[in-house]
$ cat data.pdb   # PDB, C-alpha atoms, pLDDT in the B column
ATOM      1  CA  MET A 109       1.279  -9.495 -18.731  1.00 39.00           C
ATOM      2  CA  LYS A 110       0.781  -6.001 -20.052  1.00 38.00           C
ATOM      3  CA  ARG A 111      -2.495  -4.548 -18.870  1.00 36.00           C
ATOM      4  CA  ARG A 112      -4.585  -2.097 -20.791  1.00 35.00           C
ATOM      5  CA  GLY A 113      -5.168   1.135 -18.954  1.00 37.00           C
ATOM      6  CA  PHE A 114      -8.563   1.659 -17.370  1.00 35.00           C
ATOM      7  CA  LEU A 115      -8.521   5.390 -16.749  1.00 35.00           C
ATOM      8  CA  ALA A 116      -4.747   4.978 -16.389  1.00 38.00           C
ATOM      9  CA  LEU A 117      -5.267   2.622 -13.460  1.00 38.00           C
ATOM     10  CA  GLY A 118      -3.624  -0.368 -15.078  1.00 42.00           C
ATOM     11  CA  CYS A 119      -6.587  -2.699 -14.597  1.00 42.00           C
ATOM     12  CA  LEU A 120      -8.765  -4.540 -17.034  1.00 41.00           C
ATOM     13  CA  PRO A 121     -12.436  -3.556 -16.786  1.00 41.00           C
ATOM     14  CA  ILE A 122     -13.434  -7.176 -16.152  1.00 39.00           C
ATOM     15  CA  CYS A 123     -11.812  -7.157 -12.710  1.00 49.00           C
ATOM     16  CA  GLY A 124     -14.588  -4.922 -11.369  1.00 49.00           C
ATOM     17  CA  PHE A 125     -12.221  -2.064 -10.642  1.00 53.00           C
ATOM     18  CA  ALA A 126     -13.658   1.435 -10.838  1.00 60.00           C
ATOM     19  CA  ALA A 127     -11.948   4.821 -10.837  1.00 64.00           C
ATOM     20  CA  GLU A 128     -13.610   5.553  -7.473  1.00 72.00           C
ATOM     21  CA  ASN A 129     -11.569   2.733  -5.950  1.00 93.00           C
ATOM     22  CA  ARG A 130      -8.372   4.710  -6.232  1.00 95.00           C
ATOM     23  CA  PHE A 131      -7.309   6.651  -3.163  1.00 95.00           C
ATOM     24  CA  TRP A 132      -4.366   8.821  -2.170  1.00 94.00           C
ATOM     25  CA  PHE A 133      -2.421   8.873   1.077  1.00 95.00           C
ATOM     26  CA  ASP A 134      -3.951  12.268   1.948  1.00 93.00           C
ATOM     27  CA  GLU A 135      -7.415  10.670   1.845  1.00 94.00           C
ATOM     28  CA  MET A 136      -6.722   7.897   4.357  1.00 94.00           C
ATOM     29  CA  TYR A 137      -7.680   9.549   7.648  1.00 92.00           C
ATOM     30  CA  ALA A 138     -10.420  11.928   8.741  1.00 92.00           C
ATOM     31  CA  SER A 139      -8.614  12.939  11.929  1.00 89.00           C
ATOM     32  CA  SER A 140      -5.750  12.232  14.272  1.00 83.00           C
ATOM     33  CA  SER A 141      -5.915  12.723  18.023  1.00 82.00           C
ATOM     34  CA  VAL A 142      -4.482  11.344  21.255  1.00 81.00           C
ATOM     35  CA  LEU A 143      -6.991   8.519  20.821  1.00 79.00           C
ATOM     36  CA  GLY A 144      -5.447   7.568  17.484  1.00 79.00           C
ATOM     37  CA  LEU A 145      -6.286   7.831  13.820  1.00 85.00           C
ATOM     38  CA  THR A 146      -9.827   7.849  12.441  1.00 90.00           C
ATOM     39  CA  PHE A 147     -10.272   6.382   8.976  1.00 92.00           C
ATOM     40  CA  SER A 148     -11.827   8.657   6.384  1.00 95.00           C
ATOM     41  CA  LYS A 149     -15.279   7.927   5.010  1.00 96.00           C
ATOM     42  CA  LYS A 150     -13.718   7.140   1.630  1.00 96.00           C
ATOM     43  CA  LEU A 151     -11.293   4.593   3.069  1.00 96.00           C
ATOM     44  CA  THR A 152     -14.046   2.972   5.161  1.00 97.00           C
ATOM     45  CA  GLU A 153     -16.252   2.652   2.067  1.00 96.00           C
ATOM     46  CA  LEU A 154     -13.384   0.990   0.176  1.00 97.00           C
ATOM     47  CA  LYS A 155     -12.792  -1.652   2.871  1.00 97.00           C
ATOM     48  CA  ASP A 156     -12.693  -5.186   1.406  1.00 97.00           C
ATOM     49  CA  LYS A 157     -12.759  -3.823  -2.165  1.00 97.00           C
ATOM     50  CA  ILE A 158     -10.091  -3.913  -4.837  1.00 97.00           C
ATOM     51  CA  VAL A 159      -8.266  -0.594  -4.666  1.00 97.00           C
ATOM     52  CA  SER A 160      -5.340   1.190  -6.230  1.00 97.00           C
ATOM     53  CA  VAL A 161      -2.904   3.606  -4.585  1.00 97.00           C
ATOM     54  CA  GLN A 162       0.395   5.130  -5.625  1.00 97.00           C
ATOM     55  CA  GLY A 163       3.415   5.522  -3.406  1.00 96.00           C
ATOM     56  CA  PHE A 164       6.992   4.482  -2.804  1.00 94.00           C
ATOM     57  CA  MET A 165       8.405   1.155  -1.695  1.00 92.00           C
ATOM     58  CA  ALA A 166      10.353   1.256   1.557  1.00 88.00           C
ATOM     59  CA  PRO A 167      13.565  -0.779   1.531  1.00 80.00           C
ATOM     60  CA  PRO A 168      12.644  -4.455   1.983  1.00 75.00           C
ATOM     61  CA  LEU A 169      13.668  -6.474   5.020  1.00 67.00           C
ATOM     62  CA  LYS A 170      14.981  -9.168   2.695  1.00 68.00           C
ATOM     63  CA  ALA A 171      15.235  -9.443  -1.068  1.00 67.00           C
ATOM     64  CA  ASP A 172      12.724 -12.276  -1.458  1.00 70.00           C
ATOM     65  CA  ALA A 173       9.980 -10.935   0.812  1.00 77.00           C
ATOM     66  CA  ASP A 174       6.350 -11.454  -0.149  1.00 86.00           C
ATOM     67  CA  PHE A 175       5.308  -8.120   1.332  1.00 88.00           C
ATOM     68  CA  LEU A 176       6.372  -4.498   1.137  1.00 90.00           C
ATOM     69  CA  VAL A 177       5.707  -1.250   2.926  1.00 90.00           C
ATOM     70  CA  LEU A 178       4.232   1.524   0.781  1.00 93.00           C
ATOM     71  CA  THR A 179       4.914   5.114   1.836  1.00 92.00           C
ATOM     72  CA  LYS A 180       3.669   8.504   0.707  1.00 92.00           C
ATOM     73  CA  GLU A 181       7.204   9.784   0.057  1.00 90.00           C
ATOM     74  CA  PRO A 182      10.485   8.002  -0.645  1.00 90.00           C
ATOM     75  CA  VAL A 183      12.263   6.777   2.476  1.00 83.00           C
ATOM     76  CA  SER A 184      15.605   5.084   2.933  1.00 77.00           C
ATOM     77  CA  LEU A 185      14.792   3.531   6.302  1.00 67.00           C
ATOM     78  CA  CYS A 186      14.186  -0.102   7.076  1.00 62.00           C
ATOM     79  CA  PRO A 187      10.975  -0.326   9.134  1.00 57.00           C
ATOM     80  CA  PHE A 188      12.550  -2.890  11.462  1.00 55.00           C
ATOM     81  CA  CYS A 189      15.921  -1.159  11.935  1.00 59.00           C
ATOM     82  CA  ASN A 190      14.990   2.306  13.191  1.00 54.00           C
ATOM     83  CA  SER A 191      12.929   3.847  15.951  1.00 51.00           C
ATOM     84  CA  ASP A 192       9.300   4.645  15.274  1.00 49.00           C
ATOM     85  CA  GLU A 193      10.169   8.343  15.575  1.00 48.00           C
ATOM     86  CA  ASP A 194      11.968   8.044  12.220  1.00 51.00           C
ATOM     87  CA  TRP A 195       9.209   6.083  10.505  1.00 50.00           C
ATOM     88  CA  PRO A 196       6.426   7.881   8.589  1.00 61.00           C
ATOM     89  CA  ASP A 197       2.933   7.681  10.048  1.00 66.00           C
ATOM     90  CA  SER A 198       1.260   7.187   6.648  1.00 83.00           C
ATOM     91  CA  ILE A 199       2.228   3.698   5.586  1.00 89.00           C
ATOM     92  CA  ILE A 200       0.422   0.779   4.044  1.00 93.00           C
ATOM     93  CA  VAL A 201       1.562  -2.806   4.430  1.00 91.00           C
ATOM     94  CA  VAL A 202       1.214  -4.612   1.102  1.00 93.00           C
ATOM     95  CA  GLN A 203       0.975  -8.402   1.035  1.00 93.00           C
ATOM     96  CA  LEU A 204       1.823  -9.528  -2.476  1.00 93.00           C
ATOM     97  CA  SER A 205      -0.110 -12.273  -4.258  1.00 95.00           C
ATOM     98  CA  LYS A 206       3.237 -13.447  -5.666  1.00 91.00           C
ATOM     99  CA  ARG A 207       6.794 -12.314  -5.291  1.00 87.00           C
ATOM    100  CA  GLN A 208       7.824  -9.475  -7.571  1.00 87.00           C
ATOM    101  CA  GLU A 209      11.206  -7.899  -8.157  1.00 86.00           C
ATOM    102  CA  PHE A 210      11.496  -4.947  -5.829  1.00 87.00           C
ATOM    103  CA  VAL A 211      12.285  -1.484  -7.187  1.00 88.00           C
ATOM    104  CA  GLN A 212      14.363   1.422  -5.915  1.00 88.00           C
ATOM    105  CA  ASN A 213      12.820   3.349  -3.044  1.00 87.00           C
ATOM    106  CA  ASN A 214      12.632   6.564  -5.088  1.00 90.00           C
ATOM    107  CA  ARG A 215      10.569   4.962  -7.887  1.00 94.00           C
ATOM    108  CA  LEU A 216       6.814   5.670  -7.857  1.00 96.00           C
ATOM    109  CA  ILE A 217       4.718   2.504  -7.979  1.00 96.00           C
ATOM    110  CA  GLU A 218       1.023   1.743  -8.116  1.00 96.00           C
ATOM    111  CA  VAL A 219      -0.302  -1.059  -5.927  1.00 97.00           C
ATOM    112  CA  THR A 220      -3.584  -2.842  -6.666  1.00 97.00           C
ATOM    113  CA  GLY A 221      -5.213  -5.314  -4.279  1.00 97.00           C
ATOM    114  CA  THR A 222      -7.853  -5.782  -1.583  1.00 97.00           C
ATOM    115  CA  LEU A 223      -8.015  -3.120   1.148  1.00 98.00           C
ATOM    116  CA  GLU A 224      -8.073  -4.286   4.774  1.00 97.00           C
ATOM    117  CA  LEU A 225      -8.481  -1.916   7.726  1.00 95.00           C
ATOM    118  CA  GLY A 226      -7.857  -2.307  11.449  1.00 90.00           C
ATOM    119  CA  SER A 227      -4.908  -3.152  13.635  1.00 88.00           C
ATOM    120  CA  LYS A 228      -3.320  -6.501  12.827  1.00 89.00           C
ATOM    121  CA  LYS A 229      -0.032  -8.127  13.813  1.00 87.00           C
ATOM    122  CA  ASP A 230       1.625 -10.251  11.146  1.00 83.00           C
ATOM    123  CA  ALA A 231       2.476 -13.669  12.580  1.00 85.00           C
ATOM    124  CA  LYS A 232       5.626 -14.116  10.445  1.00 78.00           C
ATOM    125  CA  THR A 233       7.226 -10.681  10.838  1.00 75.00           C
ATOM    126  CA  GLY A 234       5.654  -9.275  14.005  1.00 78.00           C
ATOM    127  CA  PHE A 235       4.933  -6.083  12.049  1.00 79.00           C
ATOM    128  CA  VAL A 236       1.780  -4.280  13.213  1.00 82.00           C
ATOM    129  CA  SER A 237      -0.293  -2.540  10.566  1.00 86.00           C
ATOM    130  CA  LEU A 238      -3.410  -0.408  10.546  1.00 89.00           C
ATOM    131  CA  VAL A 239      -3.955  -0.408   6.768  1.00 93.00           C
ATOM    132  CA  ARG A 240      -3.138  -3.327   4.487  1.00 94.00           C
ATOM    133  CA  ILE A 241      -3.553  -4.192   0.835  1.00 97.00           C
ATOM    134  CA  THR A 242      -3.639  -7.949   0.331  1.00 95.00           C
ATOM    135  CA  ASP A 243      -3.455 -10.254  -2.674  1.00 96.00           C
ATOM    136  CA  ALA A 244      -1.649  -7.350  -4.297  1.00 96.00           C
ATOM    137  CA  THR A 245       0.512  -6.622  -7.294  1.00 95.00           C
ATOM    138  CA  PHE A 246       2.419  -3.481  -8.178  1.00 95.00           C
ATOM    139  CA  ARG A 247       3.735  -1.795 -11.267  1.00 95.00           C
ATOM    140  CA  LYS A 248       6.157   1.051 -11.908  1.00 94.00           C
ATOM    141  CA  VAL A 249       4.443   4.323 -12.779  1.00 93.00           C
TER     142      VAL A 249
END

$ encode --input "data.pdb" --output "structure tokens"
Amino acid sequence: MKRRGFLALGCLPICGFAAENRFWFDEMYASSSVLGLTFSKKLTELKDKIVSVQGFMAPPLKADADFLVLTKEPVSLCPFCNSDEDWPDSIIVVQLSKRQEFVQNNRLIEVTGTLELGSKKDAKTGFVSLVRITDATFRKV
């Protein structure tokens, strides 16, 4: 389905999506310390809302996965195959509403879905995330 642009966000106005619900990776955290990351006010206000964010798809664990990892910059690393020292600290786990054909890791995509915050371990993969977008779809930008 081709969507009409809503301020270039790729969402129909009837879905309740507003331009304010778009965020960027640089807006995710207010601070970082030895105690961990502190979510920004903007991200906290967007919790449980439909949001949109642009980034790059990390290489998938398997071709038919129903989730992806969104990163600020293109990466060629598998999140499960390398040490955490090699893995970027600004990532978002995206749980897709339906399987989509994955794209190359250097292709900018826009993800739209419901924002969840807080540490959570995925039962199927064992992957721990701090920021998730659920019931999501993505499109090439």

$ resolve_selection --input "data.pdb" --expression "the PyMOL selection byres ((chain A and resi 199-214) around 9)" --output "ChimeraX atom specification"
/A:133,164-168,171-184,195-198,215-217,219,221,235-246,248

$ atom_distance --input "data.pdb" --atom1 "atom CA of Glu153 of chain A" --atom2 "atom CA of Tyr137 of chain A"
12.3 Å

$ resolve_selection --input "data.pdb" --expression "the PyMOL selection byres ((chain A and resi 146-148) around 12)" --output "number ranges by chain"
A: 131-145, 149-155, 198, 224-227, 238-239

$ atom_distance --input "data.pdb" --atom1 "atom CA of Val159 of chain A" --atom2 "atom CA of Lys228 of chain A"
19.1 Å

$ atom_distance --input "data.pdb" --atom1 "atom CA of Gly234 of chain A" --atom2 "atom CA of Arg130 of chain A"
28.3 Å

$ closest_residue --input "data.pdb" --among "A:Leu223, A:Glu128, A:Val249, A:Lys232" --to "Lys157 of chain A" --atoms "only C-alpha atoms"
A:Leu223
